[in-house]
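Structure file run_6.tsv; described as TSV, C-alpha atoms.
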chain	number	residue	atom	x	y	z
A	1	MET	CA	-41.50	164.35	53.51
A	2	SER	CA	-39.84	161.53	55.43
A	3	LEU	CA	-41.29	158.59	57.32
A	4	ASP	CA	-40.76	160.26	60.70
A	5	THR	CA	-42.63	163.41	59.61
A	6	LEU	CA	-45.50	161.86	57.68
A	7	SER	CA	-48.63	163.87	57.09
A	8	ILE	CA	-51.38	161.37	56.37
A	9	ARG	CA	-54.98	162.20	55.49
A	10	ASN	CA	-57.62	159.73	54.39
A	11	ALA	CA	-60.17	160.23	51.62
A	12	GLN	CA	-62.41	162.12	54.04
A	13	GLY	CA	-59.60	164.57	54.82
A	14	GLU	CA	-59.13	163.25	58.36
A	15	ARG	CA	-55.58	163.25	59.75
A	16	ILE	CA	-54.17	159.82	60.56
A	17	ASP	CA	-51.88	159.78	63.61
A	18	SER	CA	-48.73	157.67	63.27
A	19	THR	CA	-45.41	156.91	64.96
A	20	TYR	CA	-42.30	155.78	63.07
A	21	HIS	CA	-39.64	153.43	64.43
A	22	PRO	CA	-36.56	153.53	62.18
A	23	GLY	CA	-34.68	150.39	61.33
A	24	ALA	CA	-31.54	149.80	59.29
A	25	ALA	CA	-30.99	151.61	56.01
A	26	GLY	CA	-32.83	149.89	53.20
A	27	ALA	CA	-34.89	147.75	55.56
A	28	PRO	CA	-38.50	146.87	54.78
A	29	LEU	CA	-41.25	148.82	56.52
A	30	VAL	CA	-43.85	147.04	58.62
A	31	VAL	CA	-47.04	149.09	58.85
A	32	ILE	CA	-49.06	148.08	61.93
A	33	GLY	CA	-52.82	148.52	62.31
A	34	HIS	CA	-54.80	147.91	65.52
A	35	GLY	CA	-58.13	146.26	66.28
A	36	VAL	CA	-61.57	147.57	67.19
A	37	THR	CA	-61.55	149.97	70.20
A	38	GLY	CA	-57.73	150.04	69.99
A	39	ASN	CA	-55.16	152.54	68.72
A	40	LYS	CA	-51.50	152.76	67.78
A	41	ASP	CA	-50.44	152.88	71.43
A	42	ARG	CA	-51.94	149.55	72.42
A	43	PRO	CA	-49.28	147.45	74.21
A	44	LEU	CA	-49.11	144.70	71.58
A	45	VAL	CA	-48.74	147.25	68.77
A	46	VAL	CA	-45.96	149.14	70.56
A	47	ALA	CA	-44.19	145.89	71.51
A	48	LEU	CA	-44.22	144.68	67.92
A	49	ALA	CA	-42.95	148.01	66.55
A	50	GLU	CA	-40.16	148.19	69.11
A	51	GLY	CA	-39.19	144.57	68.53
A	52	LEU	CA	-38.97	145.09	64.80
A	53	ALA	CA	-36.89	148.27	65.12
A	54	ALA	CA	-34.51	146.55	67.55
A	55	ALA	CA	-33.97	143.88	64.91
A	56	GLY	CA	-33.23	146.48	62.23
A	57	VAL	CA	-36.68	146.41	60.60
A	58	SER	CA	-38.51	149.74	60.28
A	59	ALA	CA	-42.05	150.00	61.65
A	60	LEU	CA	-44.89	152.48	61.37
A	61	ARG	CA	-47.82	152.16	63.76
A	62	PHE	CA	-50.95	154.22	63.19
A	63	SER	CA	-54.45	154.79	64.52
A	64	PHE	CA	-57.38	154.38	62.17
A	65	ALA	CA	-59.60	157.45	61.82
A	66	GLY	CA	-61.81	158.00	64.84
A	67	ASN	CA	-59.40	156.15	67.12
A	68	GLY	CA	-56.58	157.36	69.36
A	69	GLY	CA	-55.07	160.64	68.21
A	70	SER	CA	-56.46	160.43	64.67
A	71	GLU	CA	-59.22	162.73	63.50
A	72	GLY	CA	-62.67	161.43	62.70
A	73	ASP	CA	-65.66	159.92	64.49
A	74	PHE	CA	-65.31	156.52	66.14
A	75	ARG	CA	-68.85	155.66	65.04
A	76	ASP	CA	-67.72	155.80	61.40
A	77	ALA	CA	-64.83	153.35	61.92
A	78	THR	CA	-65.78	150.31	59.86
A	79	ILE	CA	-63.70	147.72	58.03
A	80	THR	CA	-64.69	149.26	54.71
A	81	LYS	CA	-63.63	152.76	55.76
A	82	GLU	CA	-60.44	151.48	57.39
A	83	VAL	CA	-59.42	149.74	54.16
A	84	GLY	CA	-59.35	153.27	52.73
A	85	ASP	CA	-57.41	154.56	55.74
A	86	LEU	CA	-54.79	151.87	55.17
A	87	GLY	CA	-54.57	152.90	51.54
A	88	ALA	CA	-53.86	156.48	52.63
A	89	VAL	CA	-51.09	155.27	54.95
A	90	LEU	CA	-49.56	153.21	52.13
A	91	ASP	CA	-49.77	156.22	49.80
A	92	ALA	CA	-47.88	158.38	52.29
A	93	ALA	CA	-45.27	155.71	53.05
A	94	GLU	CA	-44.65	155.13	49.36
A	95	ALA	CA	-44.32	158.87	48.72
A	96	ALA	CA	-41.78	159.08	51.56
A	97	GLY	CA	-39.60	156.45	49.90
A	98	ALA	CA	-40.40	153.44	52.08
A	99	GLY	CA	-38.82	150.15	51.15
A	100	PRO	CA	-40.89	147.00	50.63
A	101	ILE	CA	-43.99	147.19	52.84
A	102	VAL	CA	-45.36	144.47	55.11
A	103	TYR	CA	-48.74	145.08	56.68
A	104	ALA	CA	-49.44	143.65	60.15
A	105	GLY	CA	-52.99	143.94	61.48
A	106	HIS	CA	-54.49	142.90	64.79
A	107	SER	CA	-58.10	141.68	65.12
A	108	MET	CA	-60.33	143.91	62.94
A	109	GLY	CA	-57.11	145.49	61.64
A	110	GLY	CA	-56.20	142.01	60.44
A	111	GLY	CA	-59.47	141.85	58.52
A	112	VAL	CA	-58.64	145.23	57.01
A	113	GLY	CA	-55.32	143.83	55.80
A	114	VAL	CA	-56.94	140.80	54.18
A	115	ALA	CA	-59.45	143.01	52.37
A	116	ARG	CA	-56.75	145.41	51.17
A	117	ALA	CA	-54.25	142.74	50.10
A	118	ALA	CA	-56.92	140.69	48.33
A	119	ALA	CA	-57.96	143.65	46.16
A	120	PRO	CA	-54.98	143.40	45.45
A	121	ASP	CA	-52.75	146.26	46.54
A	122	PRO	CA	-49.32	145.65	44.97
A	123	ARG	CA	-47.62	147.76	47.63
A	124	ILE	CA	-48.26	145.07	50.24
A	125	ALA	CA	-45.32	142.72	49.77
A	126	ALA	CA	-46.27	140.48	52.70
A	127	LEU	CA	-49.05	140.21	55.26
A	128	ILE	CA	-49.29	139.44	58.98
A	129	SER	CA	-52.59	138.68	60.72
A	130	LEU	CA	-52.54	138.82	64.52
A	131	ALA	CA	-55.72	137.21	65.89
A	132	GLY	CA	-57.25	138.39	62.63
A	133	MET	CA	-61.01	138.75	62.28
A	134	VAL	CA	-62.48	136.64	59.47
A	135	GLU	CA	-66.12	135.86	60.32
A	136	THR	CA	-67.28	139.45	60.57
A	137	LYS	CA	-71.03	138.86	60.78
A	138	LYS	CA	-70.58	136.22	63.45
A	139	PHE	CA	-68.35	138.59	65.43
A	140	ALA	CA	-70.97	141.35	65.25
A	141	GLU	CA	-73.76	139.09	66.43
A	142	THR	CA	-71.75	137.33	69.14
A	143	GLU	CA	-70.16	140.40	70.70
A	144	PHE	CA	-72.79	143.11	70.13
A	145	GLY	CA	-75.98	141.41	68.99
A	146	GLU	CA	-77.81	142.40	72.18
A	147	VAL	CA	-76.62	146.03	72.12
A	148	THR	CA	-78.80	148.67	70.46
A	149	PRO	CA	-76.79	150.69	67.91
A	150	GLY	CA	-76.97	154.41	68.60
A	151	GLU	CA	-77.74	153.80	72.25
A	152	GLY	CA	-75.31	151.23	73.64
A	153	PHE	CA	-71.56	150.82	73.75
A	154	MET	CA	-68.96	148.21	72.79
A	155	TRP	CA	-68.17	146.12	75.85
A	156	ASP	CA	-69.82	148.81	78.04
A	157	ASP	CA	-67.08	151.31	77.18
A	158	GLU	CA	-68.67	154.77	76.92
A	159	ASP	CA	-65.77	155.94	74.74
A	160	CYS	CA	-66.77	153.35	72.13
A	161	PRO	CA	-70.40	153.87	71.06
A	162	LEU	CA	-71.86	151.11	68.92
A	163	SER	CA	-73.09	152.47	65.59
A	164	ALA	CA	-75.44	151.09	62.98
A	165	ALA	CA	-72.74	151.77	60.37
A	166	PHE	CA	-70.32	149.46	62.19
A	167	MET	CA	-72.83	146.64	62.56
A	168	ASP	CA	-74.17	146.99	59.02
A	169	ASP	CA	-70.67	146.85	57.57
A	170	LEU	CA	-69.71	143.69	59.46
A	171	ARG	CA	-72.97	142.01	58.48
A	172	SER	CA	-72.63	143.09	54.86
A	173	ILE	CA	-69.11	141.66	54.57
A	174	GLY	CA	-70.25	138.47	56.26
A	175	SER	CA	-66.97	136.62	56.03
A	176	LEU	CA	-63.50	137.28	54.63
A	177	GLU	CA	-62.68	133.59	54.26
A	178	ASP	CA	-63.10	133.52	50.48
A	179	ARG	CA	-60.67	136.43	50.14
A	180	GLY	CA	-57.96	134.22	51.55
A	181	ALA	CA	-57.77	132.58	48.13
A	182	GLN	CA	-56.88	135.98	46.67
A	183	ILE	CA	-53.86	136.46	48.95
A	184	SER	CA	-50.79	135.51	46.95
A	185	VAL	CA	-48.10	137.31	48.97
A	186	PRO	CA	-46.28	135.63	51.89
A	187	TRP	CA	-48.62	135.51	54.88
A	188	LEU	CA	-48.06	134.87	58.58
A	189	LEU	CA	-51.10	134.14	60.73
A	190	VAL	CA	-50.67	134.31	64.52
A	191	HIS	CA	-53.39	133.31	66.98
A	192	GLY	CA	-53.74	132.25	70.60
A	193	THR	CA	-55.67	129.18	71.67
A	194	GLU	CA	-57.43	131.09	74.49
A	195	ASP	CA	-58.71	133.94	72.35
A	196	ASP	CA	-62.39	134.38	73.26
A	197	VAL	CA	-62.96	137.51	71.15
A	198	VAL	CA	-61.91	136.25	67.72
A	199	LEU	CA	-61.82	132.48	67.85
A	200	ILE	CA	-58.78	130.68	66.49
A	201	ASP	CA	-61.17	128.85	64.14
A	202	ASP	CA	-61.13	132.04	62.02
A	203	THR	CA	-57.41	131.67	61.44
A	204	HIS	CA	-57.57	127.94	60.76
A	205	ALA	CA	-60.31	128.45	58.16
A	206	ILE	CA	-58.73	131.28	56.17
A	207	TYR	CA	-55.27	129.70	56.37
A	208	GLU	CA	-56.55	126.79	54.31
A	209	ARG	CA	-57.69	129.20	51.60
A	210	ALA	CA	-54.44	131.15	51.28
A	211	ALA	CA	-53.02	130.89	47.77
A	212	GLY	CA	-49.46	132.04	48.44
A	213	PRO	CA	-46.64	131.08	50.83
A	214	LYS	CA	-48.12	130.86	54.30
A	215	GLN	CA	-47.16	130.11	57.88
A	216	LYS	CA	-49.29	129.71	60.97
A	217	LEU	CA	-48.05	130.40	64.50
A	218	VAL	CA	-50.35	129.05	67.22
A	219	LEU	CA	-49.57	130.31	70.72
A	220	ASP	CA	-50.86	127.90	73.34
A	221	GLY	CA	-52.64	129.78	76.11
A	222	ALA	CA	-52.50	133.23	74.52
A	223	ASP	CA	-55.56	135.51	74.68
A	224	HIS	CA	-56.79	138.02	72.13
A	225	VAL	CA	-54.28	140.76	72.97
A	226	PHE	CA	-51.34	138.54	73.99
A	227	SER	CA	-51.54	140.04	77.48
A	228	ASP	CA	-49.22	137.52	79.13
A	229	PRO	CA	-45.65	138.88	78.84
A	230	GLY	CA	-44.31	135.56	77.65
A	231	GLN	CA	-47.00	135.24	74.99
A	232	MET	CA	-46.42	138.85	73.93
A	233	ALA	CA	-42.71	138.15	73.54
A	234	ALA	CA	-43.44	134.98	71.55
A	235	MET	CA	-45.73	136.89	69.20
A	236	VAL	CA	-43.13	139.59	68.63
A	237	GLU	CA	-40.29	137.11	68.18
A	238	GLY	CA	-42.31	135.04	65.73
A	239	ALA	CA	-43.29	138.04	63.65
A	240	VAL	CA	-39.79	139.56	63.66
A	241	ASP	CA	-38.11	136.30	62.66
A	242	TRP	CA	-40.63	135.75	59.89
A	243	VAL	CA	-40.18	139.27	58.45
A	244	ARG	CA	-36.41	138.99	58.55
A	245	GLY	CA	-36.64	135.62	56.82
A	246	LEU	CA	-38.50	137.13	53.87
A	247	GLY	CA	-35.30	138.71	52.57
A	248	LEU	CA	-36.99	141.98	51.64
A	249	GLY	CA	-34.94	145.14	51.23
A	250	ALA	CA	-31.25	145.47	52.07

Re-express the file's structure as C-alpha cells.
Amino acid sequence: MSLDTLSIRNAQGERIDSTYHPGAAGAPLVVIGHGVTGNKDRPLVVALAEGLAAAGVSALRFSFAGNGGSEGDFRDATITKEVGDLGAVLDAAEAAGAGPIVYAGHSMGGGVGVARAAAPDPRIAALISLAGMVETKKFAETEFGEVTPGEGFMWDDEDCPLSAAFMDDLRSIGSLEDRGAQISVPWLLVHGTEDDVVLIDDTHAIYERAAGPKQKLVLDGADHVFSDPGQMAAMVEGAVDWVRGLGLGA
C-alpha cells in the first residue's frame, strides 16, 4: 500500500476518503483535517495541500467519517470520534511508509489535533492549528444553543443535522486550553482577527499554555475560512514556510 492508494478505515469500520499530494522524496507528510460541516475538498484545505506539494512537501487531506465522501453518519461526527478517525489515518500513513508527520487541522479539526497530540501520539512530529477550536462548550452554546438536537440543523443547513451526540461531546470536553500544556512538539497557530465563528481569543489563550516551540500567525482581517484570496495565500505561505523551516525529513 502506498500513500496515493491508501485504504483507511476507522475503528467503526467506516472508510475514510483521502487525497494524496506527493512532494519530494523523503519529504515530511502534512495530514490535513477539516472543520465542522466541512470536508477534504473545502477551498482552504485544497489550497494548503496544493501549496505544500508545490513546495516539495507531501500532503494528505481527508474527510472525517460522516463528512464528504467518507462513510458514516454526520450525526456521529464528534471531536471524540474524530480523534479516533485521525488515529486511523496516522496508522495508514505510517504503514505506507510516510516520513515525519505534521498534522494541520482547521476549526474543530484543530481541536481534534490538540486532543490527539496531547495524548500524546508520538507520530505527530509537529502541529498546525488553523482557526482552531479551543472553547468547545462555549462554541456549542453560542452557535447552536437555540437549536433543538434531533430536529434542527447547523447554520440552517439541512445536510448538517444537529445531534445530541455532537452537543454532548462539546459540552463534556468543555475546553481544550489545559491540553495546550501537554503539547511539546513544534506548534504553529494561525488565526484571523475577523473570525466570528471561533474567536481569536481561543488561539491567544491556548498559545500561552503551549509547552513546546510555538509560533503564532495573526492575519489581520481574515475570517474563519480565510475566504479572501490574499488572506488564503498568506495562510498557505505561512504554513508552508513554517513546515519547511522545521527541517523534517530529507

*asked:* So the first atom is CA of Val190 in chain A and the second is CA of Cys160 in chain A; what is the distance between them in Å, to one decimal place?
replied: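 Between CA of Val190 in chain A and CA of Cys160 in chain A the gap works out to 26.1 Å.
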
*Residues at most 9 Å from range 11-20 of chain A, counting all atoms listed in the file, excluding those fewer than 6 positions away in the same chain, as a list in words?*
Leu3, Asp4, Thr5, Lys40, Ala49, Ser58, Ala59, Leu60, Arg61, Phe62, Ser63, Phe64, Ala65, Gly66, Gly68, Gly69, Ser70, Glu71, Gly72, Gly84, Asp85, Ala88 and Val89 of chain A

*Hey, what's within 10 Å of Ile200 in chain A if we count all atoms listed in the file and toss same-chain stuff fewer than 2 positions away? As a PyMOL selection string, please?*
chain A and resi 131-134+190-198+202-205+218+224

*In terms of the shortest atom-to-atom distance over only C-alpha atoms, which of A:Ala222, A:Ala92, A:Ile183, A:Leu29 is closest to Leu6 in chain A?*
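Among the listed residues, A:Ala92 lies closest to Leu6 in chain A.
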
*Do you know which residues are at most 12 Å from Val147 in chain A counting all atoms listed in the file, after dropping those on the same chain fewer than 6 positions away, and could you put them as a list in words?*
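The filter keeps Ala140, Glu141, Phe153, Met154, Trp155, Asp156, Pro161, Leu162, Ser163, Ala164 and Met167 of chain A.
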
Write out as lines of an AutoDock Vina configuration file an axis-aligned box for range 176-192 of chain A: all of its atoms listed in the file, 6 Å added on each side, centre and edge lengths in Å with one decimal.
center_x = -54.9
center_y = 134.8
center_z = 58.6
size_x = 29.2
size_y = 17.1
size_z = 35.9

*Just give me the gap between CA of Gly212 in chain A and CA of Leu130 in chain A in Å, one decimal is fine.*
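Separation of CA of Gly212 in chain A and CA of Leu130 in chain A: 17.7 Å.
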
*asked:* Considering only C-alpha atoms, can you say which of A:Val185, A:Val114, A:Glu50, A:Phe166 comes closest to Gly150 in chain A?
replied: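 With only C-alpha atoms as the atom set, the closest residue is A:Phe166.
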
_Between A:Pro100, A:Pro28, A:Gly111, A:Gly56, which residue has the minimum interatomic distance to Lys81 in chain A, considering all atoms listed in the file?_
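Ranking A:Pro100, A:Pro28, A:Gly111, A:Gly56 by distance to Lys81 in chain A, first place goes to A:Gly111.
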
Could you give me range 67-103 of chain A completed to N, CA and C atoms, formatted as a PDB file, keeping the file's coordinate frame?
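Result file follows (part.pdb):
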ATOM      1  N   ASN A  67     -60.029 156.882  66.023  1.00  0.00           N
ATOM      2  CA  ASN A  67     -59.400 156.150  67.120  1.00  0.00           C
ATOM      3  C   ASN A  67     -58.126 156.868  67.565  1.00  0.00           C
ATOM      4  N   GLY A  68     -57.812 156.771  68.868  1.00  0.00           N
ATOM      5  CA  GLY A  68     -56.580 157.360  69.360  1.00  0.00           C
ATOM      6  C   GLY A  68     -56.476 158.835  69.029  1.00  0.00           C
ATOM      7  N   GLY A  69     -55.303 159.247  68.536  1.00  0.00           N
ATOM      8  CA  GLY A  69     -55.070 160.640  68.210  1.00  0.00           C
ATOM      9  C   GLY A  69     -55.451 161.023  66.792  1.00  0.00           C
ATOM     10  N   SER A  70     -56.048 160.117  66.043  1.00  0.00           N
ATOM     11  CA  SER A  70     -56.460 160.430  64.670  1.00  0.00           C
ATOM     12  C   SER A  70     -57.778 161.197  64.670  1.00  0.00           C
ATOM     13  N   GLU A  71     -57.967 162.008  63.658  1.00  0.00           N
ATOM     14  CA  GLU A  71     -59.220 162.730  63.500  1.00  0.00           C
ATOM     15  C   GLU A  71     -60.324 161.779  63.042  1.00  0.00           C
ATOM     16  N   GLY A  72     -61.546 162.248  63.152  1.00  0.00           N
ATOM     17  CA  GLY A  72     -62.670 161.430  62.700  1.00  0.00           C
ATOM     18  C   GLY A  72     -63.546 160.996  63.857  1.00  0.00           C
ATOM     19  N   ASP A  73     -64.667 160.371  63.524  1.00  0.00           N
ATOM     20  CA  ASP A  73     -65.660 159.920  64.490  1.00  0.00           C
ATOM     21  C   ASP A  73     -65.557 158.413  64.645  1.00  0.00           C
ATOM     22  N   PHE A  74     -65.418 157.946  65.872  1.00  0.00           N
ATOM     23  CA  PHE A  74     -65.310 156.520  66.140  1.00  0.00           C
ATOM     24  C   PHE A  74     -66.481 155.738  65.551  1.00  0.00           C
ATOM     25  N   ARG A  75     -67.654 156.345  65.527  1.00  0.00           N
ATOM     26  CA  ARG A  75     -68.850 155.660  65.040  1.00  0.00           C
ATOM     27  C   ARG A  75     -68.778 155.356  63.544  1.00  0.00           C
ATOM     28  N   ASP A  76     -67.880 156.033  62.831  1.00  0.00           N
ATOM     29  CA  ASP A  76     -67.720 155.800  61.400  1.00  0.00           C
ATOM     30  C   ASP A  76     -66.643 154.756  61.087  1.00  0.00           C
ATOM     31  N   ALA A  77     -65.963 154.259  62.121  1.00  0.00           N
ATOM     32  CA  ALA A  77     -64.830 153.350  61.920  1.00  0.00           C
ATOM     33  C   ALA A  77     -65.337 151.945  61.608  1.00  0.00           C
ATOM     34  N   THR A  78     -65.368 151.618  60.332  1.00  0.00           N
ATOM     35  CA  THR A  78     -65.780 150.310  59.860  1.00  0.00           C
ATOM     36  C   THR A  78     -64.637 149.659  59.087  1.00  0.00           C
ATOM     37  N   ILE A  79     -64.737 148.372  58.835  1.00  0.00           N
ATOM     38  CA  ILE A  79     -63.700 147.720  58.030  1.00  0.00           C
ATOM     39  C   ILE A  79     -63.593 148.403  56.671  1.00  0.00           C
ATOM     40  N   THR A  80     -64.718 148.664  56.041  1.00  0.00           N
ATOM     41  CA  THR A  80     -64.690 149.260  54.710  1.00  0.00           C
ATOM     42  C   THR A  80     -63.987 150.614  54.711  1.00  0.00           C
ATOM     43  N   LYS A  81     -64.294 151.466  55.696  1.00  0.00           N
ATOM     44  CA  LYS A  81     -63.630 152.760  55.760  1.00  0.00           C
ATOM     45  C   LYS A  81     -62.149 152.594  56.096  1.00  0.00           C
ATOM     46  N   GLU A  82     -61.826 151.654  56.974  1.00  0.00           N
ATOM     47  CA  GLU A  82     -60.440 151.480  57.390  1.00  0.00           C
ATOM     48  C   GLU A  82     -59.568 150.889  56.275  1.00  0.00           C
ATOM     49  N   VAL A  83     -60.164 150.168  55.343  1.00  0.00           N
ATOM     50  CA  VAL A  83     -59.420 149.740  54.160  1.00  0.00           C
ATOM     51  C   VAL A  83     -58.922 150.971  53.409  1.00  0.00           C
ATOM     52  N   GLY A  84     -59.764 152.007  53.344  1.00  0.00           N
ATOM     53  CA  GLY A  84     -59.350 153.270  52.730  1.00  0.00           C
ATOM     54  C   GLY A  84     -58.288 153.981  53.548  1.00  0.00           C
ATOM     55  N   ASP A  85     -58.433 153.958  54.874  1.00  0.00           N
ATOM     56  CA  ASP A  85     -57.410 154.560  55.740  1.00  0.00           C
ATOM     57  C   ASP A  85     -56.049 153.907  55.489  1.00  0.00           C
ATOM     58  N   LEU A  86     -56.049 152.574  55.422  1.00  0.00           N
ATOM     59  CA  LEU A  86     -54.790 151.870  55.170  1.00  0.00           C
ATOM     60  C   LEU A  86     -54.210 152.279  53.830  1.00  0.00           C
ATOM     61  N   GLY A  87     -55.056 152.439  52.840  1.00  0.00           N
ATOM     62  CA  GLY A  87     -54.570 152.900  51.540  1.00  0.00           C
ATOM     63  C   GLY A  87     -53.892 154.249  51.632  1.00  0.00           C
ATOM     64  N   ALA A  88     -54.452 155.157  52.447  1.00  0.00           N
ATOM     65  CA  ALA A  88     -53.860 156.480  52.630  1.00  0.00           C
ATOM     66  C   ALA A  88     -52.496 156.376  53.306  1.00  0.00           C
ATOM     67  N   VAL A  89     -52.374 155.477  54.274  1.00  0.00           N
ATOM     68  CA  VAL A  89     -51.090 155.270  54.950  1.00  0.00           C
ATOM     69  C   VAL A  89     -50.064 154.730  53.952  1.00  0.00           C
ATOM     70  N   LEU A  90     -50.472 153.771  53.127  1.00  0.00           N
ATOM     71  CA  LEU A  90     -49.560 153.210  52.130  1.00  0.00           C
ATOM     72  C   LEU A  90     -49.154 154.272  51.111  1.00  0.00           C
ATOM     73  N   ASP A  91     -50.092 155.118  50.720  1.00  0.00           N
ATOM     74  CA  ASP A  91     -49.770 156.220  49.800  1.00  0.00           C
ATOM     75  C   ASP A  91     -48.668 157.095  50.375  1.00  0.00           C
ATOM     76  N   ALA A  92     -48.835 157.481  51.645  1.00  0.00           N
ATOM     77  CA  ALA A  92     -47.880 158.380  52.290  1.00  0.00           C
ATOM     78  C   ALA A  92     -46.527 157.702  52.464  1.00  0.00           C
ATOM     79  N   ALA A  93     -46.532 156.434  52.861  1.00  0.00           N
ATOM     80  CA  ALA A  93     -45.270 155.710  53.050  1.00  0.00           C
ATOM     81  C   ALA A  93     -44.526 155.566  51.734  1.00  0.00           C
ATOM     82  N   GLU A  94     -45.267 155.267  50.685  1.00  0.00           N
ATOM     83  CA  GLU A  94     -44.650 155.130  49.360  1.00  0.00           C
ATOM     84  C   GLU A  94     -44.060 156.461  48.908  1.00  0.00           C
ATOM     85  N   ALA A  95     -44.798 157.540  49.111  1.00  0.00           N
ATOM     86  CA  ALA A  95     -44.320 158.870  48.720  1.00  0.00           C
ATOM     87  C   ALA A  95     -43.079 159.273  49.497  1.00  0.00           C
ATOM     88  N   ALA A  96     -42.942 158.752  50.726  1.00  0.00           N
ATOM     89  CA  ALA A  96     -41.780 159.080  51.560  1.00  0.00           C
ATOM     90  C   ALA A  96     -40.589 158.177  51.275  1.00  0.00           C
ATOM     91  N   GLY A  97     -40.735 157.288  50.296  1.00  0.00           N
ATOM     92  CA  GLY A  97     -39.600 156.450  49.900  1.00  0.00           C
ATOM     93  C   GLY A  97     -39.422 155.190  50.700  1.00  0.00           C
ATOM     94  N   ALA A  98     -40.504 154.678  51.299  1.00  0.00           N
ATOM     95  CA  ALA A  98     -40.400 153.440  52.080  1.00  0.00           C
ATOM     96  C   ALA A  98     -39.948 152.293  51.206  1.00  0.00           C
ATOM     97  N   GLY A  99     -39.209 151.371  51.828  1.00  0.00           N
ATOM     98  CA  GLY A  99     -38.820 150.150  51.150  1.00  0.00           C
ATOM     99  C   GLY A  99     -40.008 149.220  51.011  1.00  0.00           C
ATOM    100  N   PRO A 100     -39.774 147.951  50.728  1.00  0.00           N
ATOM    101  CA  PRO A 100     -40.890 147.000  50.630  1.00  0.00           C
ATOM    102  C   PRO A 100     -41.746 147.055  51.889  1.00  0.00           C
ATOM    103  N   ILE A 101     -43.068 147.014  51.724  1.00  0.00           N
ATOM    104  CA  ILE A 101     -43.990 147.190  52.840  1.00  0.00           C
ATOM    105  C   ILE A 101     -44.652 145.868  53.221  1.00  0.00           C
ATOM    106  N   VAL A 102     -44.620 145.588  54.517  1.00  0.00           N
ATOM    107  CA  VAL A 102     -45.360 144.470  55.110  1.00  0.00           C
ATOM    108  C   VAL A 102     -46.462 145.092  55.951  1.00  0.00           C
ATOM    109  N   TYR A 103     -47.674 144.594  55.821  1.00  0.00           N
ATOM    110  CA  TYR A 103     -48.740 145.080  56.680  1.00  0.00           C
ATOM    111  C   TYR A 103     -49.047 144.057  57.752  1.00  0.00           C
TER     112      TYR A 103
END
